[in-house]
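To be precise, the following lines are structure.pdb, and they hold PDB, C-alpha atoms.
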```
ATOM      1  CA  MET T 982     -35.270   9.356 -45.815
ATOM      2  CA  LYS T 983     -34.042   5.778 -45.514
ATOM      3  CA  ARG T 984     -33.272   5.695 -49.230
ATOM      4  CA  ILE T 985     -31.219   8.909 -49.022
ATOM      5  CA  GLY T 986     -29.324   7.464 -46.060
ATOM      6  CA  SER T 987     -28.549   4.284 -48.016
ATOM      7  CA  ILE T 988     -27.292   6.310 -50.963
ATOM      8  CA  VAL T 989     -25.063   8.438 -48.723
ATOM      9  CA  MET T 990     -23.668   5.298 -47.061
ATOM     10  CA  ALA T 991     -22.959   3.730 -50.438
ATOM     11  CA  ILE T 992     -21.068   6.853 -51.595
ATOM     12  CA  VAL T 993     -19.008   6.966 -48.386
ATOM     13  CA  ALA T 994     -18.200   3.249 -48.684
ATOM     14  CA  GLY T 995     -17.178   3.731 -52.279
ATOM     15  CA  ILE T 996     -14.827   6.578 -51.406
ATOM     16  CA  ALA T 997     -13.331   4.594 -48.531
ATOM     17  CA  ALA T 998     -12.693   1.611 -50.808
ATOM     18  CA  ALA T 999     -10.910   3.642 -53.486
ATOM     19  CA  PRO T1000      -7.144   2.889 -53.182
ATOM     20  CA  GLN T1001      -6.040   6.231 -54.712
ATOM     21  CA  PHE T1002      -7.723   8.144 -51.902
ATOM     22  CA  ALA T1003      -6.289   5.818 -49.200
ATOM     23  CA  ASN T1004      -2.724   6.471 -50.381
ATOM     24  CA  ALA T1005      -3.137  10.184 -49.627
ATOM     25  CA  CYS T1006      -2.664   9.432 -45.908
ATOM     26  CA  ALA T1007       0.720  10.793 -44.805
ATOM     27  CA  MET T1008       1.384   7.974 -42.345
ATOM     28  CA  CYS T1009       0.368   5.047 -44.566
ATOM     29  CA  GLY T1010       3.389   5.272 -46.864
ATOM     30  CA  LEU T1011       6.160   5.073 -44.249
ATOM     31  CA  SER T1012       9.377   3.366 -45.253
ATOM     32  CA  PRO T1013      10.651   0.601 -42.907
ATOM     33  CA  GLY T1014      13.669   2.682 -41.783
ATOM     34  CA  ASP T1015      11.615   5.736 -40.811
ATOM     35  CA  SER T1016      11.816   5.303 -37.025
ATOM     36  CA  ALA T1017      10.407   8.758 -36.271
ATOM     37  CA  GLY T1018       7.335   8.121 -38.389
ATOM     38  CA  HIS T1019       6.738   4.704 -36.820
ATOM     39  CA  ALA T1020       7.268   6.249 -33.370
ATOM     40  CA  TYR T1021       4.583   8.841 -34.083
ATOM     41  CA  ASN T1022       2.275   6.118 -35.398
ATOM     42  CA  THR T1023       2.676   4.024 -32.237
ATOM     43  CA  SER T1024       2.229   7.049 -30.006
ATOM     44  CA  VAL T1025      -0.899   8.187 -31.824
ATOM     45  CA  LEU T1026      -2.410   4.680 -31.642
ATOM     46  CA  PHE T1027      -1.644   4.538 -27.919
ATOM     47  CA  MET T1028      -3.227   7.922 -27.269
ATOM     48  CA  LEU T1029      -6.203   6.960 -29.425
ATOM     49  CA  ALA T1030      -6.786   3.964 -27.174
ATOM     50  CA  GLY T1031      -6.543   6.111 -24.015
ATOM     51  CA  PRO T1032     -10.096   7.510 -23.931
ATOM     52  CA  TYR T1033     -11.603   4.102 -24.776
ATOM     53  CA  ILE T1034      -9.638   2.417 -21.990
ATOM     54  CA  THR T1035     -10.668   5.190 -19.578
ATOM     55  CA  VAL T1036     -14.360   5.005 -20.468
ATOM     56  CA  LEU T1037     -14.356   1.193 -20.358
ATOM     57  CA  ALA T1038     -12.620   1.180 -16.961
ATOM     58  CA  ILE T1039     -14.860   3.796 -15.360
ATOM     59  CA  GLY T1040     -17.972   2.406 -17.029
ATOM     60  CA  GLY T1041     -17.070  -1.084 -15.869
ATOM     61  CA  ILE T1042     -16.654   0.115 -12.288
ATOM     62  CA  VAL T1043     -20.005   1.966 -12.388
ATOM     63  CA  LEU T1044     -21.729  -1.105 -13.834
ATOM     64  CA  PHE T1045     -20.169  -3.370 -11.213
ATOM     65  CA  VAL T1046     -21.255  -1.088  -8.359
ATOM     66  CA  TRP T1047     -24.781  -0.802  -9.798
ATOM     67  CA  LYS T1048     -25.157  -4.587 -10.146
ATOM     68  CA  ARG T1049     -23.903  -5.064  -6.595
ATOM     69  CA  ALA T1050     -26.411  -2.510  -5.297
ATOM     70  CA  GLN T1051     -29.221  -4.235  -7.208
ATOM     71  CA  ARG T1052     -28.188  -7.580  -5.752
ATOM     72  CA  LYS T1053     -28.131  -6.137  -2.208
ATOM     73  CA  GLU T1054     -31.552  -4.580  -2.693
ATOM     74  CA  LYS T1055     -32.937  -7.874  -3.971
ATOM     75  CA  ASP T1056     -31.395  -9.773  -1.025
ATOM     76  CA  SER T1057     -32.801  -7.285   1.503
ATOM     77  CA  LEU T1058     -36.286  -7.520  -0.062
ATOM     78  CA  VAL T1059     -36.132 -11.324   0.066
ATOM     79  CA  ALA T1060     -34.945 -11.176   3.708
ATOM     80  CA  ALA T1061     -37.750  -8.753   4.609
ATOM     81  CA  ALA T1062     -40.348 -10.981   2.903
ATOM     82  CA  THR T1063     -38.975 -14.078   4.699
ATOM     83  CA  ARG T1064     -39.195 -12.333   8.098
ATOM     84  CA  ARG T1065     -42.898 -11.620   7.526
TER      85      ARG T1065
ATOM     86  CA  MET A1312     -36.634   2.929   6.519
ATOM     87  CA  SER A1313     -33.004   1.751   6.654
ATOM     88  CA  ALA A1314     -30.345   2.376   4.037
ATOM     89  CA  THR A1315     -30.360  -1.287   3.036
ATOM     90  CA  THR A1316     -34.079  -1.336   2.261
ATOM     91  CA  ALA A1317     -34.072   1.931   0.307
ATOM     92  CA  LYS A1318     -34.796   1.401  -3.330
ATOM     93  CA  VAL A1319     -31.734   1.714  -5.551
ATOM     94  CA  ARG A1320     -32.058   4.146  -8.410
ATOM     95  CA  PRO A1321     -31.985   2.317 -11.784
ATOM     96  CA  LEU A1322     -28.999   2.840 -14.071
ATOM     97  CA  ILE A1323     -31.203   4.652 -16.613
ATOM     98  CA  PRO A1324     -33.980   6.328 -14.592
ATOM     99  CA  PRO A1325     -37.510   6.366 -16.071
ATOM    100  CA  ARG A1326     -38.845   9.677 -17.417
ATOM    101  CA  LYS A1327     -40.997  11.184 -14.713
ATOM    102  CA  PRO A1328     -40.908  14.377 -12.662
ATOM    103  CA  ALA A1329     -38.802  14.066  -9.545
ATOM    104  CA  TRP A1330     -41.576  15.383  -7.318
ATOM    105  CA  ARG A1331     -44.021  12.671  -8.459
ATOM    106  CA  ASP A1332     -44.508   9.837  -5.998
ATOM    107  CA  SER A1333     -43.331   6.541  -7.473
ATOM    108  CA  GLY A1334     -46.572   4.891  -6.375
ATOM    109  CA  GLY A1335     -44.822   2.564  -3.983
ATOM    110  CA  GLY A1336     -45.609   4.529  -0.846
ATOM    111  CA  ASP A1337     -42.999   7.100   0.235
ATOM    112  CA  GLN A1338     -40.026   5.015  -0.904
ATOM    113  CA  ARG A1339     -37.185   7.322  -1.807
ATOM    114  CA  GLU A1340     -34.544   6.334  -4.305
ATOM    115  CA  ARG A1341     -30.918   6.707  -3.379
ATOM    116  CA  ALA A1342     -27.984   6.954  -5.764
ATOM    117  CA  PHE A1343     -26.130   3.650  -6.178
ATOM    118  CA  ILE A1344     -22.863   5.593  -6.353
ATOM    119  CA  PRO A1345     -22.449   8.456  -3.845
ATOM    120  CA  SER A1346     -21.566  11.848  -5.282
ATOM    121  CA  GLY A1347     -18.161  11.846  -3.604
ATOM    122  CA  MET A1348     -17.176   8.535  -5.201
ATOM    123  CA  LEU A1349     -18.438   9.760  -8.586
ATOM    124  CA  ALA A1350     -16.215  12.828  -8.209
ATOM    125  CA  VAL A1351     -13.199  10.618  -7.459
ATOM    126  CA  LEU A1352     -13.973   8.471 -10.522
ATOM    127  CA  MET A1353     -14.103  11.621 -12.671
ATOM    128  CA  LEU A1354     -10.772  12.686 -11.183
ATOM    129  CA  ILE A1355      -9.292   9.285 -11.991
ATOM    130  CA  ALA A1356     -10.580   9.507 -15.582
ATOM    131  CA  THR A1357      -8.934  12.935 -15.939
ATOM    132  CA  GLU A1358      -5.627  11.692 -14.579
ATOM    133  CA  MET A1359      -5.731   8.672 -16.891
ATOM    134  CA  MET A1360      -5.978  11.048 -19.843
ATOM    135  CA  LEU A1361      -3.058  13.063 -18.459
ATOM    136  CA  PHE A1362      -0.904   9.952 -18.185
ATOM    137  CA  SER A1363      -1.879   8.701 -21.626
ATOM    138  CA  GLY A1364      -0.691  12.006 -23.110
ATOM    139  CA  LEU A1365       2.585  11.878 -21.186
ATOM    140  CA  ILE A1366       3.181   8.240 -22.104
ATOM    141  CA  GLY A1367       2.394   9.077 -25.737
ATOM    142  CA  SER A1368       5.065  11.744 -25.787
ATOM    143  CA  PHE A1369       7.517   9.365 -24.083
ATOM    144  CA  LEU A1370       6.836   6.731 -26.735
ATOM    145  CA  ILE A1371       7.721   9.183 -29.513
ATOM    146  CA  PHE A1372      11.149   9.893 -28.013
ATOM    147  CA  ARG A1373      11.787   6.307 -26.986
ATOM    148  CA  LEU A1374      10.868   4.650 -30.287
ATOM    149  CA  SER A1375      12.531   7.214 -32.537
ATOM    150  CA  ALA A1376      15.867   7.185 -30.672
ATOM    151  CA  PRO A1377      18.621   4.974 -32.177
ATOM    152  CA  PHE A1378      20.058   4.217 -28.693
ATOM    153  CA  TRP A1379      18.123   4.135 -25.430
ATOM    154  CA  PRO A1380      19.436   5.024 -22.954
ATOM    155  CA  PRO A1381      22.013   7.257 -24.676
ATOM    156  CA  PRO A1382      25.558   5.912 -24.126
ATOM    157  CA  SER A1383      26.788   8.838 -22.019
ATOM    158  CA  LEU A1384      23.977   8.695 -19.454
ATOM    159  CA  PRO A1385      23.618   6.356 -16.423
ATOM    160  CA  HIS A1386      21.334   3.332 -16.524
ATOM    161  CA  LEU A1387      18.298   3.299 -14.269
ATOM    162  CA  PRO A1388      18.538   1.201 -11.072
ATOM    163  CA  LEU A1389      16.411  -1.868 -11.700
ATOM    164  CA  THR A1390      16.819  -3.903  -8.499
ATOM    165  CA  VAL A1391      15.871  -1.071  -6.165
ATOM    166  CA  THR A1392      12.920  -0.178  -8.376
ATOM    167  CA  TRP A1393      11.690  -3.793  -8.407
ATOM    168  CA  ILE A1394      11.674  -3.733  -4.598
ATOM    169  CA  ASN A1395       9.955  -0.351  -4.649
ATOM    170  CA  THR A1396       7.329  -1.742  -7.017
ATOM    171  CA  PHE A1397       6.713  -4.598  -4.586
ATOM    172  CA  VAL A1398       6.309  -2.048  -1.757
ATOM    173  CA  LEU A1399       3.719  -0.074  -3.727
ATOM    174  CA  MET A1400       1.773  -3.168  -4.790
ATOM    175  CA  SER A1401       1.733  -4.323  -1.157
ATOM    176  CA  SER A1402       0.245  -0.974  -0.180
ATOM    177  CA  SER A1403      -2.688  -1.602  -2.540
ATOM    178  CA  ILE A1404      -3.347  -4.898  -0.712
ATOM    179  CA  THR A1405      -3.218  -3.204   2.701
ATOM    180  CA  MET A1406      -5.569  -0.499   1.411
ATOM    181  CA  TYR A1407      -8.029  -3.213   0.293
ATOM    182  CA  LEU A1408      -7.774  -4.761   3.776
ATOM    183  CA  ALA A1409      -8.511  -1.372   5.358
ATOM    184  CA  VAL A1410     -11.619  -0.908   3.186
ATOM    185  CA  ARG A1411     -12.762  -4.439   3.987
ATOM    186  CA  ALA A1412     -12.195  -3.872   7.724
ATOM    187  CA  VAL A1413     -14.293  -0.701   7.763
ATOM    188  CA  HIS A1414     -17.149  -2.525   5.980
ATOM    189  CA  GLN A1415     -16.929  -5.174   8.714
ATOM    190  CA  ASN A1416     -17.120  -2.373  11.349
ATOM    191  CA  ARG A1417     -13.683  -3.296  12.750
ATOM    192  CA  GLN A1418     -12.364   0.161  13.531
ATOM    193  CA  ARG A1419      -9.055  -0.777  15.174
ATOM    194  CA  LEU A1420      -8.135  -3.034  12.275
ATOM    195  CA  THR A1421      -9.128  -0.293   9.828
ATOM    196  CA  ARG A1422      -6.827   2.207  11.541
ATOM    197  CA  ARG A1423      -3.996  -0.319  11.605
ATOM    198  CA  TRP A1424      -4.213  -1.061   7.881
ATOM    199  CA  LEU A1425      -4.505   2.637   7.030
ATOM    200  CA  VAL A1426      -1.323   3.374   8.963
ATOM    201  CA  VAL A1427       0.500   0.485   7.272
ATOM    202  CA  THR A1428      -0.639   1.736   3.854
ATOM    203  CA  ALA A1429       0.567   5.256   4.613
ATOM    204  CA  VAL A1430       3.947   3.893   5.778
ATOM    205  CA  LEU A1431       4.337   1.808   2.597
ATOM    206  CA  GLY A1432       3.397   4.775   0.403
ATOM    207  CA  SER A1433       5.870   7.021   2.213
ATOM    208  CA  THR A1434       8.562   4.357   1.861
ATOM    209  CA  PHE A1435       7.941   4.243  -1.884
ATOM    210  CA  LEU A1436       8.360   8.024  -2.097
ATOM    211  CA  ALA A1437      11.490   8.015   0.058
ATOM    212  CA  VAL A1438      13.155   5.328  -2.058
ATOM    213  CA  GLN A1439      12.178   7.138  -5.269
ATOM    214  CA  GLY A1440      13.643  10.352  -3.871
ATOM    215  CA  SER A1441      16.910   8.668  -2.934
ATOM    216  CA  GLU A1442      17.075   7.110  -6.417
ATOM    217  CA  TRP A1443      16.696  10.524  -7.969
ATOM    218  CA  VAL A1444      19.453  12.010  -5.797
ATOM    219  CA  HIS A1445      21.679   9.126  -6.885
ATOM    220  CA  LEU A1446      20.854   9.645 -10.579
ATOM    221  CA  ILE A1447      21.389  13.416 -10.432
ATOM    222  CA  ALA A1448      24.774  12.836  -8.789
ATOM    223  CA  HIS A1449      25.674  10.551 -11.710
ATOM    224  CA  GLY A1450      24.698  13.119 -14.322
ATOM    225  CA  LEU A1451      21.088  12.306 -15.248
ATOM    226  CA  THR A1452      19.185  15.582 -14.868
ATOM    227  CA  LEU A1453      16.095  17.181 -16.363
ATOM    228  CA  LYS A1454      18.334  18.778 -18.983
ATOM    229  CA  SER A1455      19.938  15.478 -20.073
ATOM    230  CA  GLY A1456      18.145  15.495 -23.412
ATOM    231  CA  SER A1457      14.905  13.652 -24.068
ATOM    232  CA  TYR A1458      15.989  10.699 -21.897
ATOM    233  CA  GLY A1459      16.353  12.728 -18.720
ATOM    234  CA  GLY A1460      13.439  14.999 -19.508
ATOM    235  CA  THR A1461      10.911  12.244 -20.143
ATOM    236  CA  PHE A1462      12.136  10.155 -17.214
ATOM    237  CA  TYR A1463      11.751  12.918 -14.643
ATOM    238  CA  LEU A1464       8.495  14.153 -16.185
ATOM    239  CA  LEU A1465       6.761  10.771 -16.215
ATOM    240  CA  ILE A1466       8.096   9.415 -12.949
ATOM    241  CA  GLY A1467       7.844  12.839 -11.301
ATOM    242  CA  CYS A1468       4.199  13.158 -12.325
ATOM    243  CA  HIS A1469       3.463   9.765 -10.815
ATOM    244  CA  GLY A1470       5.441  10.724  -7.708
ATOM    245  CA  ALA A1471       3.360  13.883  -7.348
ATOM    246  CA  HIS A1472       0.200  11.772  -7.484
ATOM    247  CA  VAL A1473       1.561   9.374  -4.860
ATOM    248  CA  THR A1474       2.491  12.360  -2.651
ATOM    249  CA  ALA A1475      -1.026  13.770  -2.932
ATOM    250  CA  ALA A1476      -2.463  10.318  -2.185
ATOM    251  CA  VAL A1477      -0.250   9.921   0.901
ATOM    252  CA  ILE A1478      -1.261  13.357   2.234
ATOM    253  CA  TRP A1479      -4.934  12.521   1.641
ATOM    254  CA  LEU A1480      -4.460   9.130   3.308
ATOM    255  CA  ILE A1481      -2.816  10.707   6.365
ATOM    256  CA  ALA A1482      -5.791  13.086   6.702
ATOM    257  CA  VAL A1483      -8.242  10.159   6.404
ATOM    258  CA  THR A1484      -6.216   8.149   8.941
ATOM    259  CA  MET A1485      -6.379  11.039  11.424
ATOM    260  CA  VAL A1486     -10.169  11.154  11.018
ATOM    261  CA  ALA A1487     -10.296   7.366  11.426
ATOM    262  CA  MET A1488      -8.297   7.702  14.692
ATOM    263  CA  ARG A1489     -11.225   9.689  16.086
ATOM    264  CA  GLY A1490     -13.528   6.753  15.309
ATOM    265  CA  ARG A1491     -15.526   8.575  12.651
ATOM    266  CA  TYR A1492     -15.650   5.707  10.149
ATOM    267  CA  ASN A1493     -17.826   2.633  10.474
ATOM    268  CA  ALA A1494     -19.803   0.254   8.251
ATOM    269  CA  ASN A1495     -22.506   2.893   7.652
ATOM    270  CA  ASN A1496     -20.052   5.742   7.132
ATOM    271  CA  ALA A1497     -17.164   4.357   5.096
ATOM    272  CA  GLY A1498     -17.249   6.802   2.187
ATOM    273  CA  GLY A1499     -14.075   8.657   3.139
ATOM    274  CA  ILE A1500     -12.012   5.469   3.196
ATOM    275  CA  GLU A1501     -13.617   4.165  -0.011
ATOM    276  CA  ARG A1502     -12.750   7.379  -1.848
ATOM    277  CA  ILE A1503      -9.084   7.416  -0.883
ATOM    278  CA  GLY A1504      -9.053   3.687  -1.610
ATOM    279  CA  ALA A1505     -10.220   4.281  -5.188
ATOM    280  CA  PHE A1506      -7.547   6.917  -5.778
ATOM    281  CA  TRP A1507      -4.898   4.706  -4.167
ATOM    282  CA  TYR A1508      -5.774   1.767  -6.456
ATOM    283  CA  PHE A1509      -5.438   4.086  -9.464
ATOM    284  CA  VAL A1510      -2.009   5.323  -8.361
ATOM    285  CA  CYS A1511      -0.859   1.719  -7.782
ATOM    286  CA  ALA A1512      -2.293   0.536 -11.106
ATOM    287  CA  ILE A1513      -0.507   3.232 -13.143
ATOM    288  CA  TRP A1514       2.909   2.389 -11.706
ATOM    289  CA  PRO A1515       3.449  -1.037 -13.408
ATOM    290  CA  VAL A1516       2.697   0.584 -16.786
ATOM    291  CA  LEU A1517       5.289   3.295 -16.165
ATOM    292  CA  PHE A1518       7.775   0.801 -14.725
ATOM    293  CA  VAL A1519       7.618  -1.428 -17.799
ATOM    294  CA  LEU A1520       7.798   1.464 -20.265
ATOM    295  CA  VAL A1521      10.462   3.579 -18.573
ATOM    296  CA  TYR A1522      12.620   1.041 -16.726
ATOM    297  CA  LEU A1523      12.270  -2.247 -18.596
ATOM    298  CA  MET A1524      11.774  -1.258 -22.256
TER     299      MET A1524
END
```
Would you write the structure of this file as structure tokens?
Amino acid sequence: MKRIGSIVMAIVAGIAAAPQFANACAMCGLSPGDSAGHAYNTSVLFMLAGPYITVLAIGGIVLFVWKRAQRKEKDSLVAAATRR
Amino acid sequence: MSATTAKVRPLIPPRKPAWRDSGGGDQRERAFIPSGMLAVLMLIATEMMLFSGLIGSFLIFRLSAPFWPPPSLPHLPLTVTWINTFVLMSSSITMYLAVRAVHQNRQRLTRRWLVVTAVLGSTFLAVQGSEWVHLIAHGLTLKSGSYGGTFYLLIGCHGAHVTAAVIWLIAVTMVAMRGRYNANNAGGIERIGAFWYFVCAIWPVLFVLVYLM
């Protein structure tokens, strides 16, 4: 199974590295004066980043709140042990 | 067993049936994020996706246009909007002070900061509204091509969110006036606080893109 996976990965890497296939992308061959094409490129990149920024922001908040709750629990356990 | 000594549920809970006793006596686990706050975070995530789509469409029009703004249309008022931005950013600080005051169980201070935040938010909306009236009088309308359309769509969408936040904040303030919020029951203020921070955080992005770029 591992060997088949390695072969598949090697084929995919080979296809990705082939320059003829890469030039088939419609947005990769934009001329410098094509403002509409560059505008679409920028917009697509921005919208591509949107979900990652959202997940990182919300995930970061959740992680921060969880760590704070863990710290409070630890402090309250230490305080309870000290009182005994 | 007090809320502070209750065991906090781990981030990734272990695999065991919920009805099984954890072995540590009758210690119950409580969620580290309340359901209401989780709902607000999901709402914020949804609205972030909405704004990223709107900003994406704005970028297409803005970057593909040879002149921006178009010569025949009025320029956006920068000075007034800078002041308005300062007003909105100040409201995020007063909201933080209100949340901090409720955690310190200082109810009068909490109510005071909530009222100040609501006043600042309403001021922001009023100034935005007067700006729009001014712009419409000078010929910039929703039908003024992509410039007018994207301006009113983006800024109007943000204005709608601020309006909803102000209405929510007024409702929370009225509940706070009855003394319902304290250090052990601060969820209502925390939730509106989270949404308020989001609305304030989105504005500088829109301001830079729409007004300054």
Can you list, as a PyMOL selection string, the residues that the ChimeraX specification (/A :<12) & /T selects here? chain T and resi 1014-1062
Applying the PyMOL selection byres ((chain A and resi 1462) around 10) to the file I just gave you, which residues come out? Please list them as number ranges by chain. A: 1369, 1387, 1451-1453, 1455, 1457-1461, 1463-1468, 1517, 1521-1522
With the file shown as input, list the residues that the PyMOL selection byres ((chain A and resi 1389-1396) around 12) selects, as a short mmCIF file (atom, residue, chain, number, x, y, z; two decimals) with C-alpha atoms, in the frame of the given file.
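The resulting file, selection.cif, is reproduced below:
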```cif
data_model
loop_
_atom_site.label_atom_id
_atom_site.label_comp_id
_atom_site.auth_asym_id
_atom_site.auth_seq_id
_atom_site.Cartn_x
_atom_site.Cartn_y
_atom_site.Cartn_z
CA PRO A 1385 23.62 6.36 -16.42
CA HIS A 1386 21.33 3.33 -16.52
CA LEU A 1387 18.30 3.30 -14.27
CA PRO A 1388 18.54 1.20 -11.07
CA PHE A 1397 6.71 -4.60 -4.59
CA VAL A 1398 6.31 -2.05 -1.76
CA LEU A 1399 3.72 -0.07 -3.73
CA MET A 1400 1.77 -3.17 -4.79
CA SER A 1401 1.73 -4.32 -1.16
CA SER A 1402 0.24 -0.97 -0.18
CA SER A 1403 -2.69 -1.60 -2.54
CA LEU A 1431 4.34 1.81 2.60
CA GLY A 1432 3.40 4.78 0.40
CA SER A 1433 5.87 7.02 2.21
CA THR A 1434 8.56 4.36 1.86
CA PHE A 1435 7.94 4.24 -1.88
CA LEU A 1436 8.36 8.02 -2.10
CA ALA A 1437 11.49 8.02 0.06
CA VAL A 1438 13.16 5.33 -2.06
CA GLN A 1439 12.18 7.14 -5.27
CA GLY A 1440 13.64 10.35 -3.87
CA SER A 1441 16.91 8.67 -2.93
CA GLU A 1442 17.08 7.11 -6.42
CA TRP A 1443 16.70 10.52 -7.97
CA HIS A 1445 21.68 9.13 -6.88
CA ILE A 1466 8.10 9.41 -12.95
CA VAL A 1510 -2.01 5.32 -8.36
CA CYS A 1511 -0.86 1.72 -7.78
CA ALA A 1512 -2.29 0.54 -11.11
CA ILE A 1513 -0.51 3.23 -13.14
CA TRP A 1514 2.91 2.39 -11.71
CA PRO A 1515 3.45 -1.04 -13.41
CA VAL A 1516 2.70 0.58 -16.79
CA LEU A 1517 5.29 3.30 -16.16
CA PHE A 1518 7.78 0.80 -14.72
CA VAL A 1519 7.62 -1.43 -17.80
CA VAL A 1521 10.46 3.58 -18.57
CA TYR A 1522 12.62 1.04 -16.73
CA LEU A 1523 12.27 -2.25 -18.60
CA MET A 1524 11.77 -1.26 -22.26
#
```
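Take CA of Gly1470 in chain A and CA of Tyr1492 in chain A: the distance between them is 28.1 Å.
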Compile the contact shell of Val1477 in chain A as a list in words: residues with an atom at most 10 Å away, counting all atoms listed in the file, same-chain residues fewer than 4 positions apart removed.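 So, after excluding close chain neighbours, the residues are Thr1428, Ala1429, Val1430, Leu1431, Gly1432, Ser1433, Leu1436, Ala1471, His1472, Val1473, Ile1481, Ala1482, Val1483, Ile1503 and Trp1507 of chain A.
Compared by their closest atoms to Tyr1508 in chain A, and using all atoms listed in the file, the residues A:Leu1354, A:Ala1448, A:Met1488, A:Ile1404 rank with A:Ile1404 nearest.
CA of Lys1454 in chain A is found 20.3 Å from CA of Leu1520 in chain A.
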